[in-house]
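J.: Structure file structure_11.csv (CSV, C-alpha atoms) right here:
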```
chain,number,residue,atom,x,y,z
I,6,MET,CA,0.0,0.0,0.0
I,7,SER,CA,1.4,3.4,-1.0
I,8,PHE,CA,2.3,5.8,1.7
I,9,PHE,CA,-0.4,8.3,0.8
I,10,LYS,CA,-3.1,5.6,0.5
I,11,ARG,CA,-2.2,4.3,4.0
I,12,TRP,CA,-2.1,7.9,5.3
I,13,LYS,CA,-5.6,8.5,3.9
I,14,LYS,CA,-6.9,5.3,5.4
I,15,GLU,CA,-5.5,6.2,8.9
I,16,ARG,CA,-7.0,9.7,8.7
I,17,ASP,CA,-10.4,8.4,7.7
I,18,PHE,CA,-10.3,5.7,10.3
I,19,GLN,CA,-9.4,8.2,13.1
I,20,ARG,CA,-12.3,10.4,11.9
I,21,LEU,CA,-14.7,7.5,12.0
I,22,TYR,CA,-13.6,6.7,15.5
I,23,GLN,CA,-14.1,10.3,16.7
I,24,GLU,CA,-17.5,10.6,15.0
I,25,GLN,CA,-19.0,7.1,15.8
I,26,ASN,CA,-17.3,6.0,19.0
I,27,GLU,CA,-20.0,7.3,21.4
I,28,PHE,CA,-22.8,5.9,19.2
I,29,ILE,CA,-21.2,2.4,19.0
I,30,ARG,CA,-20.4,2.4,22.7
I,31,ALA,CA,-24.0,3.3,23.6
I,32,ALA,CA,-25.5,0.7,21.3
I,33,LEU,CA,-23.2,-2.0,22.6
I,34,TYR,CA,-23.6,-0.9,26.2
I,35,TRP,CA,-27.2,-2.1,26.3
I,36,VAL,CA,-27.2,-4.8,23.7
I,37,GLY,CA,-24.0,-6.7,24.2
I,38,PRO,CA,-22.7,-8.4,27.4
I,39,TYR,CA,-22.2,-5.6,29.9
I,40,GLU,CA,-19.0,-7.1,31.4
I,41,ILE,CA,-17.0,-6.7,28.3
I,42,LYS,CA,-18.5,-3.6,26.8
I,43,ASP,CA,-15.2,-1.8,26.4
I,44,GLU,CA,-13.6,-4.8,24.7
I,45,LEU,CA,-16.4,-4.9,22.3
I,46,VAL,CA,-15.9,-1.3,21.2
I,47,GLN,CA,-12.3,-2.0,20.6
I,48,ASP,CA,-13.1,-5.2,18.7
I,49,THR,CA,-15.5,-3.4,16.5
I,50,PHE,CA,-13.0,-0.7,15.5
I,51,LEU,CA,-10.3,-3.3,15.0
I,52,LYS,CA,-12.5,-5.4,12.7
I,53,ALA,CA,-13.5,-2.2,10.8
I,54,TRP,CA,-9.8,-1.5,10.3
I,55,ASN,CA,-9.0,-5.0,9.1
I,56,SER,CA,-11.9,-5.0,6.6
I,57,TRP,CA,-11.6,-1.4,5.6
I,58,ASP,CA,-10.7,-2.2,2.0
I,59,ARG,CA,-13.7,-4.5,1.7
I,60,PHE,CA,-16.2,-1.6,2.4
I,61,GLN,CA,-18.1,-1.2,-0.8
I,62,GLY,CA,-19.8,2.1,0.0
I,63,ASP,CA,-23.3,0.7,-0.7
I,64,SER,CA,-24.3,1.9,2.8
I,65,SER,CA,-23.1,4.7,5.1
I,66,MET,CA,-20.0,4.2,7.2
I,67,LYS,CA,-22.2,4.5,10.3
I,68,THR,CA,-24.4,1.6,9.1
I,69,TRP,CA,-21.4,-0.5,8.2
I,70,LEU,CA,-19.8,0.1,11.5
I,71,TYR,CA,-23.0,-0.6,13.4
I,72,ARG,CA,-23.4,-3.9,11.7
I,73,ILE,CA,-19.9,-4.9,12.6
I,74,ALA,CA,-20.6,-3.9,16.2
I,75,MET,CA,-23.8,-5.9,16.4
I,76,ASN,CA,-22.0,-9.0,15.0
I,77,CYS,CA,-19.3,-8.6,17.7
I,78,ALA,CA,-22.1,-8.3,20.3
I,79,LYS,CA,-23.9,-11.4,19.0
I,80,ASP,CA,-20.6,-13.4,19.0
I,81,ALA,CA,-19.9,-12.3,22.5
I,82,LEU,CA,-23.4,-13.2,23.7
I,83,ARG,CA,-23.2,-16.6,22.0
I,84,LYS,CA,-20.0,-17.3,23.9
I,85,LYS,CA,-21.5,-16.0,27.1
I,86,ASN,CA,-24.7,-18.0,26.7
I,87,PHE,CA,-22.7,-21.1,26.0
I,88,HIS,CA,-20.9,-20.8,29.3
I,89,GLU,CA,-24.1,-20.0,31.1
I,90,SER,CA,-26.2,-22.6,29.4
I,91,PHE,CA,-26.6,-24.5,32.6
I,92,ASP,CA,-27.8,-21.5,34.5
I,93,GLU,CA,-31.5,-20.9,33.8
I,94,GLU,CA,-31.5,-17.7,35.7
I,95,LYS,CA,-29.4,-15.9,33.2
I,96,GLY,CA,-29.5,-15.2,29.6
I,97,GLU,CA,-32.0,-14.2,26.9
I,98,GLY,CA,-35.5,-15.5,27.2
I,99,SER,CA,-34.9,-16.9,30.7
I,100,THR,CA,-38.0,-17.9,32.7
I,101,ALA,CA,-36.7,-16.2,35.8
I,102,VAL,CA,-39.1,-13.6,37.2
I,103,LEU,CA,-38.4,-10.1,38.4
I,104,PRO,CA,-38.0,-10.0,42.1
I,105,GLU,CA,-41.0,-8.7,44.1
I,106,ASN,CA,-41.2,-5.0,44.5
I,107,ALA,CA,-38.8,-4.6,41.6
I,108,ASP,CA,-37.9,-1.1,40.9
I,109,LEU,CA,-36.9,-0.2,37.4
I,110,GLU,CA,-35.1,2.8,38.8
I,111,ASN,CA,-32.6,0.1,40.0
I,112,ARG,CA,-30.1,-0.5,37.3
I,113,GLU,CA,-29.7,-4.3,37.9
I,114,GLU,CA,-33.5,-4.8,37.8
I,115,PHE,CA,-33.8,-2.7,34.6
I,116,LEU,CA,-31.0,-4.7,33.0
I,117,PHE,CA,-32.6,-8.0,34.2
I,118,LEU,CA,-35.8,-7.1,32.4
I,119,LEU,CA,-34.1,-5.8,29.3
I,120,ASN,CA,-32.0,-9.0,29.0
I,121,LYS,CA,-35.2,-11.1,28.9
I,122,LEU,CA,-36.0,-9.6,25.5
I,123,SER,CA,-34.4,-11.1,22.4
I,124,PHE,CA,-31.4,-9.4,20.8
I,125,GLU,CA,-33.4,-7.8,18.0
I,126,HIS,CA,-36.1,-6.5,20.4
I,127,ARG,CA,-33.5,-5.1,22.8
I,128,GLU,CA,-31.7,-3.5,19.8
I,129,VAL,CA,-34.8,-1.7,18.6
I,130,LEU,CA,-35.7,-0.5,22.1
I,131,VAL,CA,-32.3,1.0,22.6
I,132,LEU,CA,-32.1,2.6,19.2
I,133,THR,CA,-35.5,4.2,19.7
I,134,TYR,CA,-35.5,5.3,23.4
I,135,TYR,CA,-31.9,5.7,24.2
I,136,LEU,CA,-30.4,6.8,20.9
I,137,GLY,CA,-33.4,8.6,19.6
I,138,HIS,CA,-33.5,7.1,16.1
I,139,THR,CA,-36.6,7.0,14.0
I,140,ILE,CA,-38.2,3.9,12.6
I,141,LYS,CA,-36.8,4.6,9.1
I,142,GLU,CA,-33.3,5.2,10.5
I,143,ILE,CA,-33.5,1.9,12.5
I,144,ALA,CA,-34.6,0.1,9.4
I,145,ASP,CA,-31.6,1.4,7.5
I,146,LEU,CA,-29.2,0.5,10.3
I,147,THR,CA,-30.5,-3.0,10.8
I,148,LYS,CA,-31.5,-3.7,7.2
I,149,ARG,CA,-34.9,-4.9,8.4
I,150,PRO,CA,-38.3,-3.7,7.0
I,151,GLU,CA,-39.9,-0.7,8.7
I,152,GLY,CA,-43.0,-2.9,9.5
I,153,THR,CA,-40.8,-5.4,11.3
I,154,ILE,CA,-39.2,-2.6,13.4
I,155,LYS,CA,-42.6,-1.2,14.3
I,156,SER,CA,-43.9,-4.6,15.5
I,157,GLN,CA,-40.7,-5.4,17.4
I,158,LEU,CA,-40.9,-2.0,19.1
I,159,HIS,CA,-44.6,-2.6,20.0
I,160,TYR,CA,-43.8,-6.1,21.4
I,161,ALA,CA,-40.8,-4.8,23.5
I,162,LYS,CA,-42.9,-2.0,25.0
I,163,LYS,CA,-45.8,-4.4,25.7
I,164,PHE,CA,-43.3,-6.8,27.3
I,165,PHE,CA,-42.1,-4.1,29.7
I,166,GLU,CA,-45.6,-3.1,30.6
I,167,GLU,CA,-46.7,-6.6,31.3
I,168,GLU,CA,-43.7,-7.5,33.3
I,169,MET,CA,-44.2,-4.5,35.5
I,170,LYS,CA,-47.9,-5.2,35.8
I,171,ASN,CA,-47.3,-8.8,36.8
I,172,ASN,CA,-44.8,-7.7,39.3
I,173,GLU,CA,-47.2,-5.2,40.9
I,174,GLU,CA,-49.9,-7.9,41.1
I,175,VAL,CA,-47.5,-10.3,42.8
I,176,ALA,CA,-46.4,-7.6,45.2
I,177,ILE,CA,-50.0,-6.9,46.2
Q,16,MET,CA,-45.5,2.3,29.9
Q,17,LYS,CA,-45.0,5.8,28.6
Q,18,ASP,CA,-42.3,6.6,26.1
Q,19,SER,CA,-40.9,9.3,28.3
Q,20,LYS,CA,-40.6,6.9,31.1
Q,21,LEU,CA,-38.5,4.4,29.1
Q,22,LYS,CA,-36.4,7.3,27.8
Q,23,SER,CA,-35.7,8.5,31.3
Q,24,LEU,CA,-34.9,5.0,32.5
Q,25,PHE,CA,-32.3,4.5,29.8
Q,26,GLU,CA,-30.7,7.9,30.5
Q,27,LYS,CA,-30.7,7.3,34.2
Q,28,HIS,CA,-28.9,3.9,33.9
Q,29,SER,CA,-26.3,5.0,31.4
Q,30,GLU,CA,-24.6,7.6,33.6
Q,31,GLU,CA,-21.4,5.5,33.7
Q,32,LEU,CA,-21.1,5.3,30.0
Q,33,VAL,CA,-17.7,6.9,29.6
Q,34,THR,CA,-15.1,6.4,26.9
Q,35,PRO,CA,-11.8,5.1,28.5
Q,36,LYS,CA,-9.1,7.6,28.0
Q,37,SER,CA,-6.6,5.1,26.7
Q,38,GLU,CA,-9.0,3.5,24.2
Q,39,TRP,CA,-7.8,5.2,21.1
Q,40,LYS,CA,-4.2,4.7,22.1
Q,41,GLU,CA,-4.8,0.9,22.5
Q,42,ILE,CA,-6.6,0.8,19.1
Q,43,LYS,CA,-3.8,2.6,17.5
Q,44,GLU,CA,-1.3,0.2,19.0
Q,45,LYS,CA,-3.3,-2.8,17.8
Q,46,THR,CA,-3.7,-1.5,14.3
Q,47,ARG,CA,0.0,-0.4,14.3
Q,48,LEU,CA,-1.0,3.1,13.5
Q,49,VAL,CA,2.0,5.4,14.1
Q,50,PRO,CA,1.6,9.1,14.1
Q,51,LEU,CA,2.6,10.7,10.8
Q,52,PRO,CA,5.4,12.9,12.1
Q,53,GLN,CA,6.9,9.9,13.8
Q,54,ARG,CA,6.7,7.8,10.7
Q,55,LEU,CA,8.1,10.6,8.6
Q,56,GLY,CA,11.0,10.8,11.0
Q,57,VAL,CA,11.7,7.1,10.7
Q,58,ARG,CA,11.6,7.3,6.9
Q,59,MET,CA,13.8,10.3,6.8
Q,60,GLY,CA,16.3,8.5,9.1
Q,61,ILE,CA,16.3,5.5,6.8
Q,62,ALA,CA,16.8,7.7,3.7
Q,63,PHE,CA,19.6,9.6,5.4
Q,64,THR,CA,21.4,6.3,6.2
Q,65,LEU,CA,21.0,5.1,2.7
Q,66,VAL,CA,22.4,8.3,1.2
Q,67,CYS,CA,25.3,8.1,3.6
Q,68,LEU,CA,26.1,4.5,2.6
Q,69,PHE,CA,25.7,5.4,-1.1
Q,70,THR,CA,28.1,8.4,-0.8
Q,71,TYR,CA,30.6,6.3,1.2
Q,72,THR,CA,30.7,3.5,-1.3
Q,73,LEU,CA,31.2,5.9,-4.2
Q,74,SER,CA,33.9,7.8,-2.3
Q,75,PRO,CA,37.6,7.5,-3.5
Q,76,SER,CA,38.7,6.1,-0.2
Q,77,PHE,CA,36.3,3.2,-0.7
Q,78,THR,CA,36.9,2.5,-4.4
Q,79,GLY,CA,40.6,3.1,-4.2
Q,80,ASN,CA,40.6,5.5,-7.1
Q,81,SER,CA,42.8,8.0,-5.1
Q,82,VAL,CA,45.8,5.7,-5.4
Q,83,ASN,CA,47.8,5.8,-8.6
Q,84,GLU,CA,47.7,2.2,-10.0
Q,85,ASN,CA,51.3,2.3,-11.3
Q,86,GLU,CA,52.6,3.5,-8.0
Q,87,LEU,CA,50.8,0.7,-6.3
Q,88,VAL,CA,52.3,-1.9,-8.7
Q,89,GLU,CA,55.8,-0.5,-8.2
Q,90,TYR,CA,55.3,-0.6,-4.5
Q,91,MET,CA,54.2,-4.2,-4.5
Q,92,LEU,CA,57.0,-5.3,-6.8
Q,93,GLU,CA,59.6,-3.4,-4.8
Q,94,ASP,CA,59.5,-5.9,-2.0
Q,95,SER,CA,59.9,-9.0,-4.3
Q,96,ILE,CA,63.2,-7.8,-6.0
Q,97,PRO,CA,66.2,-8.4,-3.8
Q,98,HIS,CA,68.2,-5.4,-2.7
Q,99,GLU,CA,71.5,-4.6,-4.2
Q,100,ASP,CA,73.5,-5.8,-1.2
Q,101,GLU,CA,71.6,-9.1,-1.2
Q,102,PHE,CA,71.9,-9.5,-4.9
Q,103,GLN,CA,75.8,-9.4,-5.1
Q,104,PRO,CA,76.4,-12.5,-2.9
Q,105,LEU,CA,73.7,-14.4,-4.7
Q,106,LEU,CA,75.3,-13.6,-8.1
Q,107,GLU,CA,78.7,-14.6,-6.9
Q,108,THR,CA,77.4,-17.9,-5.5
Q,109,SER,CA,75.7,-18.7,-8.7
Q,110,LEU,CA,78.7,-17.8,-10.8
Q,111,SER,CA,81.0,-19.9,-8.7
Q,112,SER,CA,78.8,-22.9,-9.0
Q,113,LEU,CA,79.2,-22.7,-12.7
```
Would you mind writing the file out in structure tokens?
T.:
Amino acid sequence: MSFFKRWKKERDFQRLYQEQNEFIRAALYWVGPYEIKDELVQDTFLKAWNSWDRFQGDSSMKTWLYRIAMNCAKDALRKKNFHESFDEEKGEGSTAVLPENADLENREEFLFLLNKLSFEHREVLVLTYYLGHTIKEIADLTKRPEGTIKSQLHYAKKFFEEEMKNNEEVAI
Amino acid sequence: MKDSKLKSLFEKHSEELVTPKSEWKEIKEKTRLVPLPQRLGVRMGIAFTLVCLFTYTLSPSFTGNSVNENELVEYMLEDSIPHEDEFQPLLETSLSSL
């Protein structure tokens, strides 16, 4: 690779990190395994660097990077779930119930509930309510139809409402 | 659950979302990104060394062009011819043997 080509690649890569670092961190913070969130951000940027020349430009850099990040998160969750496969209390779709008098103002309990949702539902919820993206933007980022995003969002909200409602009934 | 409630919950629980200060440095190390001035410095150092080597190999002291070839041959032969005082006894010995 010529000196100037490499210099341009480094300059663009640094710019991408500066512009998208916070967005990627925020998305991974809620969607990926919490314990290794910083490692996942690094992994995402390293993978982006290594596959830089394969970027075709058919989507925006942000979308491309986001998809790399989500693949990193899925891989990490797969590994985590494999290790925790004997523990029914943990992991996506677990049947464990929210403790009585659960308070969503408590971070652990909020995460507990969030982690009971599937990866895609969690992703849509975070992109909408935390990162403030519109349905169209989420559809572009995730490459899923707008209708699917709408129904996933509806389901995720309903899930939260029902879990809280059940919890209140149990508490009474 | 109201949208605003969900928003506020996400915001409340993401207070510790901070970028580690050394993150970019670590990424740079792992991708072997070296700052441009530093890289230019290394390249200029290599170029300077090459120029020095090139100049030295072309210099007269290296190629030997500064020495007159005839003088050098004479100098080398000088030692192989016996001196006059050594030559006389040798000649006499040779003649007497005849």
J.: Considering all atoms listed in the file, return as a list in words whatever protein or nucleic-acid residues lie within 7 Å of region 151-156 of chain I, sequence-local ones (same chain, fewer than 5 positions apart) excluded.
T.: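 Near region 151-156 of chain I, the qualifying residues are Val129, Ile140, Lys141 and Ala144 of chain I.
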J.: Residues at most 10 Å from Lys148 (chain I), counting all atoms listed in the file, excluding those fewer than 5 positions away in the same chain, as a list of chain:residue names?
T.: I:Thr68, I:Arg72, I:Glu142, I:Ile143, I:Ile154
J.: Kindly give the distance, in Å, that separates CA of Lys13 (chain I) and CA of Leu48 (chain Q), rounded to a single decimal.
T.: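 Interatomic distance here is 11.9 Å.
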J.: What residues in chain Q have any atom no more than 12 Å from chain I when counting all atoms listed in the file, and can you write them as a ChimeraX atom specification?
T.: /Q:16-52,54-55,58
J.: Could you jot down the CA of Gln157 (chain I) to CA of Asp145 (chain I) separation for me, Å, one decimal place?
T.: 15.1 Å
J.: Rank nothing, just name the residue among I:Lys14, I:Arg83, I:Arg127, I:Arg149 nearest to Phe60 (chain I), using only C-alpha atoms.
T.: I:Lys14
J.: Measure the distance from CA of Leu70 (chain I) to CA of Gln25 (chain I) in Å and round it to one decimal.
T.: 8.3 Å
